[in-house]
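Peer 1: input_20.csv (CSV, C-alpha atoms) pasted underneath:
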chain,number,residue,atom,x,y,z
P,7,MET,CA,166.6,-173.8,20.7
P,8,ASN,CA,167.0,-171.9,17.5
P,9,GLN,CA,163.4,-172.8,16.6
P,10,ASN,CA,162.2,-171.3,20.0
P,11,ASN,CA,164.3,-168.1,19.4
P,12,LEU,CA,162.8,-167.8,15.9
P,13,ASN,CA,159.3,-168.2,17.2
P,14,PHE,CA,159.9,-165.7,20.0
P,15,ASN,CA,161.4,-163.1,17.6
P,16,SER,CA,158.6,-163.7,15.2
P,17,PHE,CA,156.0,-163.2,18.0
P,18,ASN,CA,157.8,-160.0,19.1
P,19,PHE,CA,157.9,-158.7,15.6
P,20,GLU,CA,154.2,-159.4,15.0
P,21,LYS,CA,153.3,-157.7,18.4
P,22,ILE,CA,155.4,-154.6,17.5
P,23,ALA,CA,153.9,-154.5,14.0
P,24,ASP,CA,150.4,-154.8,15.4
P,25,THR,CA,151.1,-152.0,18.0
P,26,ILE,CA,152.5,-149.7,15.3
P,27,ILE,CA,149.5,-150.3,13.0
P,28,ARG,CA,147.0,-149.6,15.9
P,29,LEU,CA,148.9,-146.4,16.8
P,30,GLY,CA,149.0,-145.4,13.2
P,31,VAL,CA,145.3,-145.9,12.7
P,32,LEU,CA,144.6,-144.0,16.1
P,33,PHE,CA,146.8,-141.0,15.1
P,34,LEU,CA,145.2,-141.0,11.6
P,35,LEU,CA,141.7,-140.9,13.2
P,36,ILE,CA,142.7,-138.2,15.7
P,37,GLY,CA,144.3,-136.1,12.9
P,38,TRP,CA,141.3,-136.5,10.7
P,39,CYS,CA,138.9,-135.5,13.5
P,40,TYR,CA,141.1,-132.5,14.2
P,41,ASP,CA,141.0,-131.4,10.5
P,42,ILE,CA,137.2,-131.7,10.5
P,43,LEU,CA,136.8,-129.7,13.7
P,44,LYS,CA,139.7,-127.2,13.0
P,45,PRO,CA,137.4,-124.4,11.8
P,46,PHE,CA,135.4,-124.8,15.0
P,47,VAL,CA,138.1,-125.2,17.6
P,48,LEU,CA,138.1,-121.6,18.8
P,49,ILE,CA,134.3,-121.5,18.8
P,50,ILE,CA,134.1,-124.8,20.8
P,51,VAL,CA,136.8,-123.7,23.3
P,52,TRP,CA,135.1,-120.3,23.8
P,53,ALA,CA,131.7,-122.1,24.2
P,54,ILE,CA,133.3,-124.3,27.0
P,55,VAL,CA,134.6,-121.1,28.7
P,56,ILE,CA,131.2,-119.5,28.5
P,57,SER,CA,129.4,-122.6,29.9
P,58,ILE,CA,131.9,-122.8,32.8
P,59,ALA,CA,131.6,-119.1,33.5
P,60,PHE,CA,127.8,-119.0,33.4
P,61,SER,CA,127.0,-122.3,35.0
P,62,PRO,CA,126.3,-120.8,38.5
P,63,VAL,CA,123.9,-118.3,36.9
P,64,TYR,CA,122.3,-121.1,34.9
P,65,GLU,CA,121.8,-123.2,38.0
P,66,ARG,CA,120.0,-120.3,39.7
P,67,VAL,CA,117.8,-119.8,36.6
P,68,VAL,CA,117.0,-123.6,36.6
P,69,ARG,CA,115.8,-123.3,40.2
P,70,LEU,CA,113.8,-120.2,39.2
P,71,PHE,CA,112.1,-122.2,36.4
P,72,LYS,CA,111.5,-125.1,38.9
P,73,GLY,CA,113.9,-127.5,37.3
P,74,ARG,CA,112.8,-127.1,33.7
P,75,LYS,CA,116.2,-127.0,32.1
P,76,ILE,CA,115.1,-126.5,28.5
P,77,LEU,CA,113.1,-123.4,29.3
P,78,ALA,CA,116.0,-122.1,31.5
P,79,THR,CA,118.5,-122.7,28.7
P,80,ILE,CA,116.3,-120.8,26.2
P,81,PHE,CA,115.9,-117.9,28.6
P,82,VAL,CA,119.7,-117.7,29.4
P,83,ALA,CA,120.6,-118.0,25.7
P,84,LEU,CA,118.1,-115.3,24.6
P,85,THR,CA,119.3,-113.0,27.4
P,86,LEU,CA,123.0,-113.4,26.5
P,87,LEU,CA,122.3,-113.0,22.8
P,88,THR,CA,120.3,-109.9,23.4
P,89,LEU,CA,122.9,-108.4,25.7
P,90,PHE,CA,125.7,-109.1,23.3
P,91,VAL,CA,124.2,-109.0,19.8
P,92,VAL,CA,122.2,-105.7,20.1
P,93,PRO,CA,125.2,-103.5,21.1
P,94,SER,CA,127.4,-105.4,18.6
P,95,VAL,CA,125.0,-104.7,15.7
P,96,LEU,CA,124.7,-101.0,16.7
P,97,ILE,CA,128.5,-100.6,17.0
P,98,THR,CA,129.1,-102.5,13.7
P,99,GLN,CA,126.5,-100.3,11.9
P,100,SER,CA,128.1,-97.2,13.4
P,101,LEU,CA,131.6,-98.4,12.2
P,102,TYR,CA,130.4,-99.0,8.7
P,103,GLU,CA,128.7,-95.6,8.5
P,104,GLU,CA,131.7,-93.8,10.0
P,105,ILE,CA,134.2,-95.4,7.6
P,106,ASN,CA,132.0,-94.5,4.6
P,107,ASN,CA,131.7,-90.9,5.9
P,108,PHE,CA,135.4,-90.7,6.4
P,109,ALA,CA,136.1,-91.9,2.9
P,110,HIS,CA,133.6,-89.5,1.4
P,111,TYR,CA,134.9,-86.5,3.3
P,112,TYR,CA,138.5,-87.3,2.5
P,113,GLN,CA,137.8,-87.7,-1.2
P,114,THR,CA,135.8,-84.5,-1.4
P,115,ASN,CA,138.3,-82.6,0.8
P,116,GLU,CA,135.4,-81.5,3.1
P,117,HIS,CA,136.0,-80.5,6.7
P,118,LEU,CA,136.1,-83.9,8.3
P,119,ILE,CA,137.7,-82.5,11.5
P,120,PRO,CA,136.2,-79.4,13.0
P,121,PRO,CA,138.7,-76.6,13.8
P,122,PRO,CA,139.9,-76.1,17.4
P,123,GLY,CA,137.5,-74.0,19.5
P,124,GLU,CA,138.4,-70.8,21.3
P,125,THR,CA,139.1,-72.6,24.5
P,126,THR,CA,142.2,-74.2,23.0
P,127,LYS,CA,143.9,-70.8,23.1
P,128,SER,CA,144.1,-71.0,26.9
P,129,TRP,CA,145.6,-74.5,26.9
P,130,PRO,CA,149.1,-75.0,28.3
P,131,THR,CA,152.1,-74.4,25.9
P,132,ILE,CA,153.0,-78.1,25.9
P,133,THR,CA,149.8,-78.8,24.0
P,134,ARG,CA,150.6,-76.3,21.2
P,135,PRO,CA,152.0,-79.0,18.7
P,136,ILE,CA,148.7,-80.9,19.1
P,137,VAL,CA,146.6,-77.8,18.4
P,138,GLU,CA,148.7,-77.0,15.4
P,139,ILE,CA,148.3,-80.5,13.9
P,140,TRP,CA,144.6,-80.3,14.7
P,141,THR,CA,144.3,-76.9,12.9
P,142,SER,CA,146.1,-78.2,9.9
P,143,ALA,CA,144.0,-81.3,9.7
P,144,SER,CA,140.8,-79.2,10.0
P,145,GLU,CA,141.9,-77.0,7.1
P,146,ASP,CA,143.3,-79.6,4.8
P,147,LEU,CA,143.3,-83.2,5.9
P,148,SER,CA,145.1,-84.4,2.8
P,149,LYS,CA,148.3,-82.3,3.7
P,150,VAL,CA,148.5,-83.9,7.1
P,151,ALA,CA,147.8,-87.3,5.6
P,152,LEU,CA,150.8,-86.8,3.2
P,153,LYS,CA,153.0,-85.5,6.0
P,154,TYR,CA,152.3,-88.5,8.2
P,155,SER,CA,151.6,-91.0,5.4
P,156,ASP,CA,154.0,-93.8,6.7
P,157,GLN,CA,152.5,-93.8,10.2
P,158,LEU,CA,148.9,-93.6,8.8
P,159,LYS,CA,149.5,-96.5,6.5
P,160,ILE,CA,150.7,-98.7,9.4
P,161,ALA,CA,147.8,-97.6,11.6
P,162,GLY,CA,145.3,-97.8,8.8
P,163,ALA,CA,146.3,-101.4,7.9
P,164,TRP,CA,146.1,-102.5,11.5
P,165,LEU,CA,142.7,-100.8,11.9
P,166,LEU,CA,141.2,-102.3,8.8
P,167,LEU,CA,142.4,-105.8,9.7
P,168,SER,CA,141.0,-105.3,13.2
P,169,LEU,CA,137.6,-104.0,12.0
P,170,ALA,CA,137.4,-106.9,9.4
P,171,GLY,CA,137.8,-109.4,12.2
P,172,ILE,CA,135.1,-107.8,14.4
P,173,GLY,CA,132.3,-109.1,12.2
P,174,LYS,CA,133.8,-112.6,12.1
P,175,GLY,CA,134.3,-112.4,15.9
P,176,ILE,CA,130.7,-111.4,16.5
P,177,LEU,CA,129.5,-114.4,14.5
P,178,GLN,CA,131.8,-116.7,16.4
P,179,PHE,CA,130.5,-115.3,19.7
P,180,ILE,CA,126.9,-116.0,18.7
P,181,ILE,CA,127.6,-119.6,17.7
P,182,SER,CA,129.7,-120.1,20.9
P,183,ILE,CA,126.8,-118.9,23.0
P,184,ILE,CA,124.4,-121.4,21.3
P,185,ILE,CA,126.9,-124.3,21.8
P,186,ALA,CA,127.5,-123.2,25.4
P,187,MET,CA,123.8,-123.4,26.2
P,188,GLY,CA,123.7,-126.9,24.7
P,189,LEU,CA,126.7,-127.9,27.0
P,190,LEU,CA,124.9,-126.5,30.0
P,191,LEU,CA,122.0,-128.9,29.5
P,192,TYR,CA,124.4,-131.7,30.2
P,193,THR,CA,126.4,-130.1,33.0
P,194,GLU,CA,126.5,-133.1,35.4
P,195,SER,CA,127.7,-135.5,32.7
P,196,LEU,CA,130.3,-133.1,31.4
P,197,VAL,CA,131.7,-132.4,34.9
P,198,LYS,CA,132.2,-136.1,35.4
P,199,VAL,CA,133.9,-136.5,32.0
P,200,SER,CA,136.1,-133.5,32.5
P,201,LYS,CA,137.3,-134.8,35.9
P,202,ASN,CA,138.0,-138.2,34.4
P,203,ILE,CA,140.0,-136.6,31.6
P,204,PHE,CA,142.1,-134.6,34.1
P,205,ILE,CA,142.7,-137.7,36.2
P,206,LYS,CA,143.8,-139.7,33.1
P,207,LEU,CA,146.1,-136.9,32.0
P,208,ILE,CA,147.6,-135.9,35.4
P,209,GLY,CA,146.9,-138.7,37.8
P,210,SER,CA,145.6,-138.4,41.4
P,211,ASN,CA,145.7,-134.6,41.3
P,212,GLY,CA,143.5,-134.5,38.3
P,213,GLU,CA,140.4,-133.5,40.2
P,214,HIS,CA,142.2,-130.6,41.9
P,215,TYR,CA,143.4,-129.3,38.5
P,216,ALA,CA,139.8,-129.6,37.2
P,217,GLU,CA,138.7,-127.4,40.1
P,218,VAL,CA,141.6,-124.9,39.5
P,219,THR,CA,140.5,-124.7,35.8
P,220,VAL,CA,136.9,-123.9,36.7
P,221,ILE,CA,137.6,-121.2,39.3
P,222,THR,CA,140.3,-119.6,37.1
P,223,ILE,CA,138.0,-119.4,34.1
P,224,ARG,CA,135.2,-117.9,36.2
P,225,ASN,CA,137.5,-115.3,37.8
P,226,VAL,CA,139.0,-114.2,34.5
P,227,VAL,CA,135.7,-114.0,32.8
P,228,LYS,CA,134.0,-112.1,35.6
P,229,GLY,CA,136.8,-110.1,37.0
P,230,PHE,CA,138.5,-108.9,33.8
P,231,LEU,CA,136.5,-109.7,30.7
P,232,GLY,CA,133.1,-108.9,32.3
P,233,VAL,CA,134.3,-105.6,33.8
P,234,ALA,CA,135.9,-104.7,30.4
P,235,LEU,CA,132.6,-105.3,28.6
P,236,ILE,CA,130.6,-103.3,31.1
P,237,GLN,CA,133.0,-100.4,30.9
P,238,ALA,CA,133.0,-100.5,27.1
P,239,LEU,CA,129.2,-100.6,27.1
P,240,MET,CA,129.0,-97.6,29.5
P,241,ILE,CA,131.5,-95.5,27.6
P,242,GLY,CA,129.8,-96.4,24.3
P,243,ILE,CA,126.5,-95.2,25.6
P,244,GLY,CA,128.1,-91.9,26.7
P,245,PHE,CA,129.8,-91.4,23.3
P,246,PHE,CA,126.7,-92.1,21.3
P,247,LEU,CA,124.4,-89.9,23.4
P,248,ALA,CA,126.9,-87.1,23.4
P,249,GLY,CA,127.3,-87.2,19.6
P,250,VAL,CA,131.0,-88.0,19.7
P,251,PRO,CA,132.3,-88.4,16.1
P,252,PHE,CA,133.4,-92.0,15.3
P,253,ALA,CA,131.8,-93.2,18.5
P,254,GLY,CA,131.8,-96.8,17.3
P,255,ILE,CA,135.5,-96.9,16.6
P,256,PHE,CA,136.4,-95.2,19.9
P,257,THR,CA,134.1,-97.8,21.8
P,258,ILE,CA,135.9,-100.7,20.2
P,259,ILE,CA,139.3,-99.2,21.1
P,260,CYS,CA,138.1,-98.7,24.6
P,261,LEU,CA,137.0,-102.3,24.8
P,262,PHE,CA,140.4,-103.4,23.6
P,263,LEU,CA,142.3,-101.2,26.1
P,264,ALA,CA,140.0,-102.3,29.0
P,265,ILE,CA,140.6,-106.0,28.3
P,266,ILE,CA,144.4,-105.6,28.2
P,267,GLN,CA,144.1,-103.7,31.5
P,268,VAL,CA,145.4,-100.4,30.2
P,269,GLY,CA,141.9,-98.8,30.8
P,270,ILE,CA,139.7,-96.6,28.8
P,271,GLY,CA,141.4,-93.4,30.0
P,272,PRO,CA,143.8,-92.9,27.0
P,273,ILE,CA,140.8,-92.6,24.7
P,274,ALA,CA,138.0,-91.3,26.9
P,275,ILE,CA,139.9,-88.4,28.4
P,276,PRO,CA,141.1,-86.9,25.1
P,277,VAL,CA,137.6,-87.3,23.7
P,278,VAL,CA,136.2,-85.3,26.6
P,279,ILE,CA,138.8,-82.6,26.0
P,280,TYR,CA,137.9,-82.6,22.3
P,281,MET,CA,134.2,-82.3,23.0
P,282,TYR,CA,134.8,-79.3,25.3
P,283,SER,CA,136.4,-77.5,22.4
P,284,VAL,CA,133.7,-78.3,19.7
P,285,THR,CA,130.4,-78.5,21.6
P,286,ASP,CA,128.4,-76.8,24.4
P,287,ALA,CA,129.6,-76.9,28.0
P,288,THR,CA,126.6,-78.8,29.3
P,289,THR,CA,127.0,-81.8,27.0
P,290,SER,CA,130.7,-81.9,27.6
P,291,THR,CA,130.4,-81.7,31.4
P,292,ILE,CA,127.8,-84.5,31.5
P,293,LEU,CA,130.1,-86.6,29.3
P,294,ALA,CA,133.0,-85.8,31.6
P,295,ILE,CA,131.1,-86.9,34.6
P,296,TRP,CA,129.9,-90.1,32.9
P,297,VAL,CA,133.5,-90.8,31.9
P,298,GLY,CA,134.7,-90.3,35.4
P,299,ILE,CA,132.0,-92.7,36.7
P,300,THR,CA,133.1,-95.3,34.1
P,301,LEU,CA,136.7,-94.9,35.1
P,302,ILE,CA,135.9,-95.4,38.8
P,303,SER,CA,133.7,-98.3,38.1
P,304,ASP,CA,136.7,-100.5,37.5
P,305,ASN,CA,137.7,-100.2,41.1
P,306,ILE,CA,134.2,-101.0,42.3
P,307,LEU,CA,133.3,-103.9,39.9
P,308,LYS,CA,136.4,-105.9,40.2
P,309,PRO,CA,136.2,-106.5,44.0
P,310,ILE,CA,132.5,-107.4,43.5
P,311,PHE,CA,133.2,-109.9,40.8
P,312,LEU,CA,136.4,-111.3,42.3
P,313,GLY,CA,135.3,-111.2,45.9
P,314,ARG,CA,138.0,-111.0,48.6
P,315,GLY,CA,140.3,-113.5,46.9
P,316,ASN,CA,143.5,-112.7,45.1
P,317,PRO,CA,143.4,-111.8,41.4
P,318,PRO,CA,143.6,-115.0,39.3
P,319,ALA,CA,146.9,-113.7,37.7
P,320,PRO,CA,149.1,-110.6,37.5
P,321,MET,CA,148.1,-107.9,35.1
P,322,LEU,CA,151.0,-108.7,32.8
P,323,VAL,CA,149.7,-112.2,32.2
P,324,ILE,CA,146.2,-110.8,31.3
P,325,PHE,CA,147.9,-108.2,29.1
P,326,LEU,CA,150.1,-110.6,27.2
P,327,GLY,CA,147.3,-113.2,26.9
P,328,ALA,CA,144.9,-110.6,25.4
P,329,ILE,CA,147.4,-109.1,23.0
P,330,GLY,CA,148.8,-112.4,21.9
P,331,GLY,CA,145.4,-113.9,21.5
P,332,PHE,CA,144.2,-110.9,19.4
P,333,ILE,CA,147.3,-111.2,17.1
P,334,TYR,CA,147.0,-114.9,16.8
P,335,ASN,CA,143.3,-115.5,16.7
P,336,GLY,CA,141.7,-112.2,16.0
P,337,PHE,CA,138.8,-110.6,17.9
P,338,ILE,CA,137.7,-113.8,19.7
P,339,GLY,CA,141.4,-114.3,20.7
P,340,LEU,CA,141.3,-111.0,22.6
P,341,PHE,CA,139.0,-112.7,25.1
P,342,LEU,CA,140.2,-116.3,24.8
P,343,GLY,CA,143.9,-115.5,25.0
P,344,ALA,CA,143.6,-113.9,28.4
P,345,VAL,CA,141.7,-117.0,29.7
P,346,ILE,CA,144.1,-119.6,28.3
P,347,LEU,CA,147.3,-117.8,29.3
P,348,THR,CA,146.0,-117.3,32.9
P,349,LEU,CA,145.0,-121.0,33.0
P,350,GLY,CA,148.6,-121.9,31.9
P,351,TYR,CA,150.0,-119.6,34.6
P,352,LYS,CA,147.9,-121.2,37.3
P,353,PHE,CA,148.9,-124.7,36.2
P,354,PHE,CA,152.6,-123.6,36.2
P,355,LEU,CA,152.2,-122.3,39.8
P,356,SER,CA,150.7,-125.6,40.9
P,357,TRP,CA,153.4,-127.6,39.0
P,358,ILE,CA,156.2,-125.8,40.9
P,359,ASP,CA,154.3,-126.5,44.2
P,360,ILE,CA,153.2,-123.0,45.1
P,361,THR,CA,150.3,-124.1,47.3
P,362,GLU,CA,148.9,-120.8,48.8
P,363,GLU,CA,146.4,-120.2,46.0
P,364,PRO,CA,144.6,-123.6,45.8
P,365,GLN,CA,143.2,-123.1,49.3
P,366,ILE,CA,141.6,-119.8,48.2
P,367,GLU,CA,140.3,-121.5,45.1
P,368,GLU,CA,138.7,-124.4,47.1
P,369,SER,CA,136.9,-121.9,49.4
P,370,GLN,CA,135.7,-119.9,46.3
P,371,ILE,CA,134.3,-123.1,44.8
P,372,GLU,CA,132.4,-123.9,48.1
P,373,ALA,CA,131.1,-120.3,48.2
P,374,GLU,CA,129.8,-120.5,44.6
P,375,GLU,CA,128.2,-123.9,45.1
Let's see the structure in the file written out as structure tokens.
Peer 2:
Amino acid sequence: MNQNNLNFNSFNFEKIADTIIRLGVLFLLIGWCYDILKPFVLIIVWAIVISIAFSPVYERVVRLFKGRKILATIFVALTLLTLFVVPSVLITQSLYEEINNFAHYYQTNEHLIPPPGETTKSWPTITRPIVEIWTSASEDLSKVALKYSDQLKIAGAWLLLSLAGIGKGILQFIISIIIAMGLLLYTESLVKVSKNIFIKLIGSNGEHYAEVTVITIRNVVKGFLGVALIQALMIGIGFFLAGVPFAGIFTIICLFLAIIQVGIGPIAIPVVIYMYSVTDATTSTILAIWVGITLISDNILKPIFLGRGNPPAPMLVIFLGAIGGFIYNGFIGLFLGAVILTLGYKFFLSWIDITEEPQIEESQIEAEE
């Protein structure tokens, strides 16, 4: 009897030890793989998001090219790179030149900021402090800089960090687009793999969660990020053509505000007012009309891209996702954060059995297919 117990205990010990060793090797392998891929995690995740968002467009292009996937992939990749890289390079070049000019003017104490025009005299009394600061800055920027040095240090540090991350973010975007096009070549296989992964993780509802993931990503990318990019592109064109000083910086800030759903108004409207005071009325009026069209475009584009369905998430979720993603992951996190937090929000709703939205999602999937 004792011998049997001893053999049984020995067998259990060996089995437990064997299991522990296997799990240890498995976790070591997983950790090692993660360390290797860690520099590319954001890029790969964003590439997956791009491939999911553009897969309907890609399928139409494949049909246009009569089933030749490689040619369709090259065409879509070149189109996306052109649409993204060309404006990015122009804005980055503009930012570099504007920062150099700002540093030169500040060091030589030249008039970096033009004095207020005659039209500012008729402005309401409430704007008088702004006009006074503007006048002081146009006469001697260094005095204003000393007076508001603490605020300028905080704002300047944030701005420099943000601008430094833009170049890295653009490079990450380019690599992500290339990887996304590679993923699109194997769409059918990846769809099966992703559904199997969800089923393994969640169970019988895995396929439903996979569909929720796809439609949520597409809605956020089209309805929020896509609209923000279009608005930033429109306002950037207006700023550059009108000769707005520091147009590149203002365009980047407008993009940021559009993504976090604040809108371009807080930047665009003051810029128009400024242009009325320093340039001719024709240029300023054309810019004002263009800014108005850009502001209204938000209400036109979102229903087109989102359809008649409900928004994928409340504005607060998009706002927190974009801000948190930007703070945590830099420029690419500004886009990715909104997608990931919205996805988490949708999963949470499904987890607590709020079932109104999945019906809409299923109908949207059928419509897209």
Peer 1: As number ranges by chain, please: the residues near Gly343 (chain P) (cut-off 7 Å, only C-alpha atoms, same-chain neighbours under 3 positions excluded).
Peer 2: P: 327-328, 330-331, 339-340, 346-347
Peer 1: Please indicate the distance in Å from CA of Thr289 (chain P) to CA of Gln237 (chain P), rounded to one decimal place.
Peer 2: 19.9 Å
Peer 1: So how many Å separate CA of Val277 (chain P) and CA of Thr88 (chain P), to one decimal?
Peer 2: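 Answer for the CA of Val277 (chain P) to CA of Thr88 (chain P) separation: 28.5 Å.
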Peer 1: Please provide as a ChimeraX atom specification all residues within 12 Å of Asp304 (chain P), with the sequence filter that same-chain residues fewer than 5 positions apart are discarded (counting all atoms listed in the file).
Peer 2: /P:229-238,240,264-265,267-271,297-299,309-312
Peer 1: Which one of P:Leu263, P:Tyr40, P:Ala294, P:Met187 sits closest to Ile329 (chain P) if you count only C-alpha atoms?
Peer 2: P:Leu263
